[in-house]
Every structure is written in structure tokens, then in C-alpha cells.
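Raw query_39.txt, compact mmCIF, N, CA and C atoms:
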```txt
# COMPACT_ATOMS: atom_id res chain seq x y z
N MET A 1 5.42 -14.30 -14.87
CA MET A 1 5.80 -14.12 -13.49
C MET A 1 4.77 -14.79 -12.60
N LYS A 2 5.20 -15.47 -11.58
CA LYS A 2 4.34 -16.17 -10.64
C LYS A 2 3.48 -15.18 -9.86
N ARG A 3 2.23 -15.55 -9.62
CA ARG A 3 1.30 -14.71 -8.87
C ARG A 3 1.76 -14.62 -7.42
N THR A 4 1.88 -13.40 -6.91
CA THR A 4 2.25 -13.17 -5.53
C THR A 4 1.05 -12.58 -4.80
N TYR A 5 0.76 -13.10 -3.64
CA TYR A 5 -0.38 -12.63 -2.86
C TYR A 5 0.08 -11.61 -1.83
N LEU A 6 -0.83 -10.72 -1.50
CA LEU A 6 -0.53 -9.67 -0.53
C LEU A 6 -1.38 -9.83 0.71
N GLY A 7 -0.80 -9.49 1.85
CA GLY A 7 -1.58 -9.38 3.07
C GLY A 7 -2.33 -8.06 3.04
N GLU A 8 -3.27 -7.90 3.95
CA GLU A 8 -4.09 -6.68 3.97
C GLU A 8 -3.23 -5.43 4.13
N PHE A 9 -2.27 -5.46 5.06
CA PHE A 9 -1.46 -4.27 5.30
C PHE A 9 -0.59 -3.94 4.09
N GLU A 10 -0.01 -4.96 3.47
CA GLU A 10 0.79 -4.72 2.26
C GLU A 10 -0.07 -4.10 1.17
N GLU A 11 -1.29 -4.56 1.03
CA GLU A 11 -2.20 -3.99 0.03
C GLU A 11 -2.48 -2.52 0.33
N ILE A 12 -2.72 -2.19 1.60
CA ILE A 12 -2.97 -0.81 1.98
C ILE A 12 -1.74 0.06 1.70
N VAL A 13 -0.55 -0.45 2.02
CA VAL A 13 0.68 0.31 1.75
C VAL A 13 0.84 0.51 0.25
N LEU A 14 0.61 -0.52 -0.54
CA LEU A 14 0.75 -0.42 -2.00
C LEU A 14 -0.24 0.60 -2.56
N LEU A 15 -1.48 0.55 -2.11
CA LEU A 15 -2.48 1.53 -2.55
C LEU A 15 -2.07 2.95 -2.17
N THR A 16 -1.50 3.09 -0.99
CA THR A 16 -1.09 4.42 -0.53
C THR A 16 0.07 4.96 -1.36
N VAL A 17 0.96 4.09 -1.79
CA VAL A 17 2.05 4.52 -2.68
C VAL A 17 1.45 5.14 -3.94
N VAL A 18 0.40 4.52 -4.47
CA VAL A 18 -0.26 5.05 -5.67
C VAL A 18 -0.95 6.37 -5.36
N VAL A 19 -1.64 6.44 -4.23
CA VAL A 19 -2.36 7.66 -3.84
C VAL A 19 -1.39 8.84 -3.73
N LEU A 20 -0.22 8.60 -3.17
CA LEU A 20 0.75 9.68 -2.96
C LEU A 20 1.59 10.01 -4.19
N GLU A 21 1.38 9.29 -5.24
CA GLU A 21 2.00 9.50 -6.55
C GLU A 21 3.12 10.55 -6.57
N GLY A 22 4.34 10.07 -6.50
CA GLY A 22 5.50 10.94 -6.60
C GLY A 22 5.98 11.49 -5.26
N ASN A 23 5.19 11.32 -4.21
CA ASN A 23 5.58 11.83 -2.90
C ASN A 23 5.48 10.73 -1.85
N ALA A 24 5.69 9.49 -2.27
CA ALA A 24 5.54 8.34 -1.38
C ALA A 24 6.87 7.98 -0.74
N TYR A 25 7.00 8.31 0.53
CA TYR A 25 8.15 7.90 1.33
C TYR A 25 7.60 7.50 2.70
N GLY A 26 8.39 6.86 3.51
CA GLY A 26 7.93 6.25 4.75
C GLY A 26 6.99 7.08 5.60
N VAL A 27 7.42 8.27 5.97
CA VAL A 27 6.62 9.10 6.87
C VAL A 27 5.32 9.53 6.20
N ALA A 28 5.37 9.94 4.95
CA ALA A 28 4.15 10.36 4.25
C ALA A 28 3.16 9.21 4.11
N ILE A 29 3.67 8.02 3.82
CA ILE A 29 2.81 6.84 3.70
C ILE A 29 2.17 6.54 5.05
N THR A 30 2.95 6.59 6.11
CA THR A 30 2.43 6.33 7.46
C THR A 30 1.31 7.29 7.80
N HIS A 31 1.53 8.59 7.59
CA HIS A 31 0.51 9.60 7.89
C HIS A 31 -0.75 9.40 7.05
N GLU A 32 -0.59 9.08 5.79
CA GLU A 32 -1.74 8.89 4.91
C GLU A 32 -2.56 7.67 5.34
N ILE A 33 -1.90 6.60 5.71
CA ILE A 33 -2.63 5.41 6.17
C ILE A 33 -3.42 5.72 7.43
N ILE A 34 -2.80 6.42 8.36
CA ILE A 34 -3.49 6.79 9.60
C ILE A 34 -4.70 7.66 9.28
N GLU A 35 -4.51 8.64 8.40
CA GLU A 35 -5.60 9.56 8.05
C GLU A 35 -6.75 8.84 7.34
N GLN A 36 -6.42 7.94 6.42
CA GLN A 36 -7.46 7.29 5.62
C GLN A 36 -8.13 6.12 6.34
N THR A 37 -7.42 5.44 7.22
CA THR A 37 -7.98 4.23 7.84
C THR A 37 -8.30 4.39 9.32
N GLY A 38 -7.69 5.36 9.97
CA GLY A 38 -7.87 5.51 11.40
C GLY A 38 -7.11 4.46 12.21
N ARG A 39 -6.29 3.68 11.53
CA ARG A 39 -5.50 2.64 12.21
C ARG A 39 -4.30 3.26 12.89
N SER A 40 -3.85 2.61 13.92
CA SER A 40 -2.60 2.98 14.57
C SER A 40 -1.48 2.29 13.81
N VAL A 41 -0.62 3.06 13.17
CA VAL A 41 0.44 2.51 12.32
C VAL A 41 1.77 3.14 12.72
N ARG A 42 2.79 2.31 12.78
CA ARG A 42 4.13 2.81 13.11
C ARG A 42 5.00 2.80 11.84
N LEU A 43 5.94 3.72 11.82
CA LEU A 43 6.84 3.86 10.68
C LEU A 43 7.58 2.56 10.38
N ASN A 44 8.01 1.84 11.42
CA ASN A 44 8.77 0.61 11.16
C ASN A 44 7.89 -0.45 10.48
N GLN A 45 6.59 -0.45 10.74
CA GLN A 45 5.68 -1.38 10.06
C GLN A 45 5.60 -1.04 8.57
N VAL A 46 5.51 0.25 8.28
CA VAL A 46 5.44 0.69 6.89
C VAL A 46 6.74 0.34 6.17
N HIS A 47 7.88 0.61 6.82
CA HIS A 47 9.17 0.29 6.19
C HIS A 47 9.30 -1.21 5.92
N ALA A 48 8.86 -2.04 6.84
CA ALA A 48 8.92 -3.49 6.64
C ALA A 48 8.05 -3.91 5.46
N ALA A 49 6.85 -3.35 5.38
CA ALA A 49 5.96 -3.67 4.26
C ALA A 49 6.54 -3.20 2.93
N LEU A 50 7.12 -2.01 2.92
CA LEU A 50 7.75 -1.49 1.69
C LEU A 50 8.90 -2.39 1.26
N HIS A 51 9.67 -2.86 2.22
CA HIS A 51 10.78 -3.77 1.91
C HIS A 51 10.25 -5.06 1.27
N ARG A 52 9.20 -5.62 1.86
CA ARG A 52 8.61 -6.85 1.29
C ARG A 52 8.05 -6.60 -0.10
N LEU A 53 7.38 -5.46 -0.28
CA LEU A 53 6.82 -5.13 -1.60
C LEU A 53 7.92 -4.95 -2.64
N GLU A 54 9.03 -4.36 -2.23
CA GLU A 54 10.14 -4.18 -3.15
C GLU A 54 10.76 -5.53 -3.51
N GLU A 55 10.89 -6.41 -2.52
CA GLU A 55 11.41 -7.76 -2.79
C GLU A 55 10.51 -8.53 -3.75
N LYS A 56 9.20 -8.31 -3.66
CA LYS A 56 8.24 -8.99 -4.53
C LYS A 56 8.16 -8.34 -5.91
N GLY A 57 8.81 -7.19 -6.08
CA GLY A 57 8.81 -6.50 -7.36
C GLY A 57 7.60 -5.62 -7.61
N MET A 58 6.88 -5.27 -6.54
CA MET A 58 5.66 -4.47 -6.70
C MET A 58 5.88 -2.97 -6.55
N VAL A 59 6.99 -2.60 -5.93
CA VAL A 59 7.37 -1.19 -5.86
C VAL A 59 8.85 -1.08 -6.21
N VAL A 60 9.22 0.09 -6.65
CA VAL A 60 10.63 0.42 -6.88
C VAL A 60 10.93 1.65 -6.04
N SER A 61 12.19 1.79 -5.67
CA SER A 61 12.56 2.96 -4.87
C SER A 61 13.77 3.65 -5.47
N ARG A 62 13.90 4.90 -5.09
CA ARG A 62 15.05 5.70 -5.48
C ARG A 62 15.30 6.69 -4.36
N MET A 63 16.52 7.16 -4.27
CA MET A 63 16.84 8.15 -3.26
C MET A 63 16.51 9.54 -3.81
N GLY A 64 15.74 10.30 -3.01
CA GLY A 64 15.41 11.67 -3.38
C GLY A 64 16.56 12.61 -3.03
N GLU A 65 16.31 13.87 -3.27
CA GLU A 65 17.31 14.88 -2.97
C GLU A 65 17.38 15.13 -1.46
N ALA A 66 18.54 15.60 -1.01
CA ALA A 66 18.70 15.96 0.40
C ALA A 66 17.82 17.16 0.71
N THR A 67 17.23 17.17 1.90
CA THR A 67 16.37 18.29 2.29
C THR A 67 16.83 18.85 3.62
N ALA A 68 16.66 20.16 3.77
CA ALA A 68 17.05 20.84 5.01
C ALA A 68 16.21 20.34 6.18
N GLU A 69 14.93 20.04 5.92
CA GLU A 69 14.04 19.58 7.00
C GLU A 69 14.52 18.26 7.61
N ARG A 70 15.31 17.51 6.87
CA ARG A 70 15.83 16.23 7.37
C ARG A 70 17.31 16.33 7.70
N GLY A 71 17.79 17.53 7.90
CA GLY A 71 19.20 17.71 8.26
C GLY A 71 20.14 17.30 7.14
N GLY A 72 19.70 17.46 5.90
CA GLY A 72 20.54 17.13 4.76
C GLY A 72 20.43 15.67 4.33
N ARG A 73 19.61 14.89 5.03
CA ARG A 73 19.45 13.48 4.66
C ARG A 73 18.46 13.36 3.51
N ARG A 74 18.63 12.30 2.75
CA ARG A 74 17.75 12.06 1.59
C ARG A 74 16.63 11.11 1.97
N LYS A 75 15.49 11.25 1.30
CA LYS A 75 14.35 10.36 1.50
C LYS A 75 14.39 9.26 0.46
N ARG A 76 13.97 8.06 0.85
CA ARG A 76 13.79 6.98 -0.12
C ARG A 76 12.36 7.09 -0.62
N MET A 77 12.24 7.37 -1.92
CA MET A 77 10.94 7.56 -2.55
C MET A 77 10.50 6.26 -3.22
N PHE A 78 9.21 5.96 -3.13
CA PHE A 78 8.68 4.72 -3.68
C PHE A 78 7.65 5.00 -4.76
N ALA A 79 7.62 4.10 -5.74
CA ALA A 79 6.62 4.16 -6.82
C ALA A 79 6.18 2.73 -7.13
N ILE A 80 4.96 2.61 -7.58
CA ILE A 80 4.45 1.28 -7.93
C ILE A 80 5.07 0.83 -9.24
N SER A 81 5.32 -0.47 -9.35
CA SER A 81 5.85 -1.04 -10.59
C SER A 81 4.68 -1.53 -11.44
N PRO A 82 4.91 -1.83 -12.71
CA PRO A 82 3.84 -2.42 -13.53
C PRO A 82 3.27 -3.70 -12.91
N TYR A 83 4.13 -4.52 -12.32
CA TYR A 83 3.67 -5.74 -11.66
C TYR A 83 2.77 -5.41 -10.46
N GLY A 84 3.13 -4.38 -9.70
CA GLY A 84 2.30 -3.94 -8.58
C GLY A 84 0.95 -3.45 -9.05
N GLU A 85 0.93 -2.70 -10.15
CA GLU A 85 -0.34 -2.22 -10.72
C GLU A 85 -1.21 -3.39 -11.14
N GLN A 86 -0.61 -4.37 -11.81
CA GLN A 86 -1.38 -5.53 -12.25
C GLN A 86 -1.93 -6.30 -11.05
N THR A 87 -1.14 -6.40 -10.00
CA THR A 87 -1.59 -7.10 -8.80
C THR A 87 -2.81 -6.40 -8.20
N LEU A 88 -2.78 -5.06 -8.12
CA LEU A 88 -3.93 -4.34 -7.59
C LEU A 88 -5.16 -4.52 -8.49
N LEU A 89 -4.96 -4.52 -9.79
CA LEU A 89 -6.08 -4.76 -10.71
C LEU A 89 -6.66 -6.16 -10.52
N ASP A 90 -5.78 -7.14 -10.33
CA ASP A 90 -6.23 -8.51 -10.09
C ASP A 90 -7.04 -8.61 -8.80
N ILE A 91 -6.55 -7.97 -7.75
CA ILE A 91 -7.25 -7.97 -6.46
C ILE A 91 -8.63 -7.34 -6.61
N GLN A 92 -8.67 -6.20 -7.31
CA GLN A 92 -9.94 -5.50 -7.52
C GLN A 92 -10.92 -6.39 -8.29
N ALA A 93 -10.45 -7.08 -9.30
CA ALA A 93 -11.31 -7.94 -10.11
C ALA A 93 -11.86 -9.10 -9.28
N ILE A 94 -11.01 -9.72 -8.48
CA ILE A 94 -11.44 -10.84 -7.64
C ILE A 94 -12.48 -10.38 -6.63
N ARG A 95 -12.24 -9.25 -5.99
CA ARG A 95 -13.20 -8.74 -5.00
C ARG A 95 -14.54 -8.40 -5.67
N SER A 96 -14.49 -7.75 -6.82
CA SER A 96 -15.72 -7.41 -7.54
C SER A 96 -16.49 -8.67 -7.91
N GLN A 97 -15.78 -9.66 -8.41
CA GLN A 97 -16.41 -10.92 -8.80
C GLN A 97 -17.10 -11.57 -7.60
N LEU A 98 -16.42 -11.63 -6.48
CA LEU A 98 -17.01 -12.24 -5.28
C LEU A 98 -18.19 -11.43 -4.75
N LEU A 99 -18.07 -10.11 -4.75
CA LEU A 99 -19.18 -9.27 -4.29
C LEU A 99 -20.40 -9.43 -5.19
N ASN A 100 -20.19 -9.63 -6.48
CA ASN A 100 -21.30 -9.84 -7.41
C ASN A 100 -22.00 -11.17 -7.18
N LEU A 101 -21.32 -12.11 -6.54
CA LEU A 101 -21.91 -13.42 -6.27
C LEU A 101 -22.71 -13.48 -4.98
N LEU A 102 -22.65 -12.42 -4.19
CA LEU A 102 -23.38 -12.42 -2.92
C LEU A 102 -24.88 -12.61 -3.18
N PRO A 103 -25.55 -13.43 -2.38
CA PRO A 103 -26.97 -13.66 -2.59
C PRO A 103 -27.85 -12.47 -2.22
N ARG A 104 -27.30 -11.56 -1.45
CA ARG A 104 -28.05 -10.35 -1.07
C ARG A 104 -27.04 -9.22 -0.83
N PRO A 105 -27.49 -7.98 -0.93
CA PRO A 105 -26.58 -6.86 -0.67
C PRO A 105 -26.15 -6.83 0.80
N LEU A 106 -24.95 -6.41 1.04
CA LEU A 106 -24.47 -6.25 2.41
C LEU A 106 -25.09 -4.98 3.01
N LYS A 107 -25.35 -5.04 4.30
CA LYS A 107 -25.93 -3.90 5.00
C LYS A 107 -24.97 -3.46 6.09
N PRO A 108 -24.87 -2.15 6.32
CA PRO A 108 -24.01 -1.68 7.42
C PRO A 108 -24.52 -2.22 8.74
N ALA A 109 -23.60 -2.48 9.65
CA ALA A 109 -23.97 -2.94 10.98
C ALA A 109 -24.73 -1.86 11.72
N THR A 110 -25.71 -2.26 12.48
CA THR A 110 -26.46 -1.30 13.28
C THR A 110 -26.00 -1.40 14.73
N SER A 111 -26.12 -0.31 15.42
CA SER A 111 -25.74 -0.29 16.85
C SER A 111 -26.71 -1.11 17.66
N ILE A 112 -26.17 -1.76 18.67
CA ILE A 112 -27.04 -2.57 19.54
C ILE A 112 -27.37 -1.80 20.78
```

I need this file expressed as C-alpha cells, please.
Amino acid sequence: MKRTYLGEFEEIVLLTVVVLEGNAYGVAITHEIIEQTGRSVRLNQVHAALHRLEEKGMVVSRMGEATAERGGRRKRMFAISPYGEQTLLDIQAIRSQLLNLLPRPLKPATSI
């Protein structure tokens, strides 16, 4: 399979699908990203990224059971695919390799 590259937001969404293991759906993913990153994220952005990830074969989805909290509507649940897992491992390896090549350790920014 041809190597597919991810944008930063797609990578964050894919990682969040893994973090939520079994409970990854649009609203939960959105809330988790906000909580973990402090970014302002909208549900439609997450849905668009999930759609792209599904088209790339990195996530799979299924319809969950209807719930009373959603007025009987079903949630679309997402899970990472083996290809998505391999992509995250590849990204991790590339980042580690590049960080190991740095001529000096990175230091946190100091306030001015």
C-alpha cells in the first residue's frame, strides 16, 4: 500500500481515536482533543478529518446502538485500522530519528 501522509490535525484525531478505544465518536473525540490540547475545535472539523481518515483507510466506522440521550439516534463509532496503526508507528519512528539527530537538547521557551 502506498504511504499516505497526515496533516497535524488528522494525526491528532487518529491518536484520539486510539485513546478513546471503543468509545470514539465525533463528540467524544472533539471533547478529548479540546481537553488534551487546549485547542478550539469544532465538531464539523473532527467529522471532516474522520471522513478523510476513513477514505485513506486509517480508520473504520460502524453504527452503534440507538441511545435515549440522542433521541434514539445511533452514533457512528470509529476504530483505528491496522494501516492507521502502522502509520502512527511510522510517524513516531521518523520523529524519534529526527530528534536523535538534534545537535543539542531542546529547551522550553522562557518568558520574556

Between atom N of A:Val41 and atom N of A:Ala28, what is the distance in Å, rounded to a tenth? 12.3 Å

Using all atoms listed in the file for the distances, tell me which of A:Glu54, A:Val18, A:Gln92, A:Arg62 is nearest to A:Arg74. A:Arg62

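Among the candidates A:Gly22, A:Pro105, A:Gly57, A:Gly7, the residue lying nearest to A:Pro82 is A:Gly57 (atoms considered: all atoms listed in the file).
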
Among chain A, which residues does DSSP mark as strand (DSSP E or B) when it is run on the backbone? Keep the chain and numbering as in the structure and answer as a list in words. Ala24, Val59, Val60, Ser61, Arg62, Met63, Gly64, Glu65, Ala66, Arg74, Lys75, Arg76, Met77, Phe78, Ala79 and Ile80 of chain A

Please extract the residues of stretch 25-95 of chain A with a backbone DSSP assignment of helix (DSSP H, G or I) and present them as a VMD selection string. chain A and resid 26 to 37 43 to 55 68 to 70 82 to 95

Between atom CA of A:Val59 and atom N of A:Asn100, distance in Å (one decimal):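 Between atom CA of A:Val59 and atom N of A:Asn100 the gap is 28.8 Å.
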
Name the residues in contact with A:Met58 at a cut-off of 8 Å, using all atoms listed in the file, excluding same-chain residues fewer than 5 positions from it; report them as a list in words.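 Non-adjacent residues within range: Leu14, Arg52, Leu53, Ala79, Ile80, Ser81, Pro82, Tyr83, Gly84, Glu85 and Thr87 of chain A.
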
In terms of the shortest atom-to-atom distance over only N, CA and C atoms, which of A:Lys56, A:Ile12, A:Glu65, A:Ile29 is closest to A:Leu43?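 Using only N, CA and C atoms, the shortest distance to A:Leu43 belongs to A:Ile29.
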
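For the choices A:Ile94, A:Val27, A:Ala66, A:Val13, the atom-to-atom distance to A:Leu50 is smallest for A:Val13 when using only N, CA and C atoms.
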
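Distance-wise, atom CA of A:Val19 and atom CA of A:His31 end up 12.2 Å apart.
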
Your completed stretch 88-108 of chain A with N, CA, C and O atoms, as a short mmCIF file (atom, residue, chain, number, x, y, z; two decimals), in the frame of the given file:
```cif
data_model
loop_
_atom_site.label_atom_id
_atom_site.label_comp_id
_atom_site.auth_asym_id
_atom_site.auth_seq_id
_atom_site.Cartn_x
_atom_site.Cartn_y
_atom_site.Cartn_z
N LEU A 88 -2.78 -5.06 -8.12
CA LEU A 88 -3.93 -4.34 -7.59
C LEU A 88 -5.16 -4.52 -8.49
O LEU A 88 -6.28 -4.67 -7.99
N LEU A 89 -4.96 -4.52 -9.79
CA LEU A 89 -6.08 -4.76 -10.71
C LEU A 89 -6.66 -6.16 -10.52
O LEU A 89 -7.88 -6.35 -10.53
N ASP A 90 -5.78 -7.14 -10.33
CA ASP A 90 -6.23 -8.51 -10.09
C ASP A 90 -7.04 -8.61 -8.80
O ASP A 90 -8.09 -9.25 -8.75
N ILE A 91 -6.55 -7.97 -7.75
CA ILE A 91 -7.25 -7.97 -6.46
C ILE A 91 -8.63 -7.34 -6.61
O ILE A 91 -9.64 -7.85 -6.12
N GLN A 92 -8.67 -6.20 -7.31
CA GLN A 92 -9.94 -5.50 -7.52
C GLN A 92 -10.92 -6.39 -8.29
O GLN A 92 -12.10 -6.48 -7.93
N ALA A 93 -10.45 -7.08 -9.30
CA ALA A 93 -11.31 -7.94 -10.11
C ALA A 93 -11.86 -9.10 -9.28
O ALA A 93 -13.05 -9.43 -9.36
N ILE A 94 -11.01 -9.72 -8.48
CA ILE A 94 -11.44 -10.84 -7.64
C ILE A 94 -12.48 -10.38 -6.63
O ILE A 94 -13.51 -11.03 -6.43
N ARG A 95 -12.24 -9.25 -5.99
CA ARG A 95 -13.20 -8.74 -5.00
C ARG A 95 -14.54 -8.40 -5.67
O ARG A 95 -15.59 -8.71 -5.12
N SER A 96 -14.49 -7.75 -6.82
CA SER A 96 -15.72 -7.41 -7.54
C SER A 96 -16.49 -8.67 -7.91
O SER A 96 -17.72 -8.73 -7.76
N GLN A 97 -15.78 -9.66 -8.41
CA GLN A 97 -16.41 -10.92 -8.80
C GLN A 97 -17.10 -11.57 -7.60
O GLN A 97 -18.25 -12.01 -7.70
N LEU A 98 -16.42 -11.63 -6.48
CA LEU A 98 -17.01 -12.24 -5.28
C LEU A 98 -18.19 -11.43 -4.75
O LEU A 98 -19.21 -11.99 -4.35
N LEU A 99 -18.07 -10.11 -4.75
CA LEU A 99 -19.18 -9.27 -4.29
C LEU A 99 -20.40 -9.43 -5.19
O LEU A 99 -21.55 -9.42 -4.71
N ASN A 100 -20.19 -9.63 -6.48
CA ASN A 100 -21.30 -9.84 -7.41
C ASN A 100 -22.00 -11.17 -7.18
O ASN A 100 -23.14 -11.36 -7.60
N LEU A 101 -21.32 -12.11 -6.54
CA LEU A 101 -21.91 -13.42 -6.27
C LEU A 101 -22.71 -13.48 -4.98
O LEU A 101 -23.37 -14.49 -4.71
N LEU A 102 -22.65 -12.42 -4.19
CA LEU A 102 -23.38 -12.42 -2.92
C LEU A 102 -24.88 -12.61 -3.18
O LEU A 102 -25.43 -12.00 -4.10
N PRO A 103 -25.55 -13.43 -2.38
CA PRO A 103 -26.97 -13.66 -2.59
C PRO A 103 -27.85 -12.47 -2.22
O PRO A 103 -29.00 -12.40 -2.63
N ARG A 104 -27.30 -11.56 -1.45
CA ARG A 104 -28.05 -10.35 -1.07
C ARG A 104 -27.04 -9.22 -0.83
O ARG A 104 -25.87 -9.48 -0.54
N PRO A 105 -27.49 -7.98 -0.93
CA PRO A 105 -26.58 -6.86 -0.67
C PRO A 105 -26.15 -6.83 0.80
O PRO A 105 -26.91 -7.21 1.68
N LEU A 106 -24.95 -6.41 1.04
CA LEU A 106 -24.47 -6.25 2.41
C LEU A 106 -25.09 -4.98 3.01
O LEU A 106 -25.29 -4.00 2.31
N LYS A 107 -25.35 -5.04 4.30
CA LYS A 107 -25.93 -3.90 5.00
C LYS A 107 -24.97 -3.46 6.09
O LYS A 107 -24.35 -4.30 6.74
N PRO A 108 -24.87 -2.15 6.32
CA PRO A 108 -24.01 -1.68 7.42
C PRO A 108 -24.52 -2.22 8.74
O PRO A 108 -25.72 -2.40 8.95
#
```
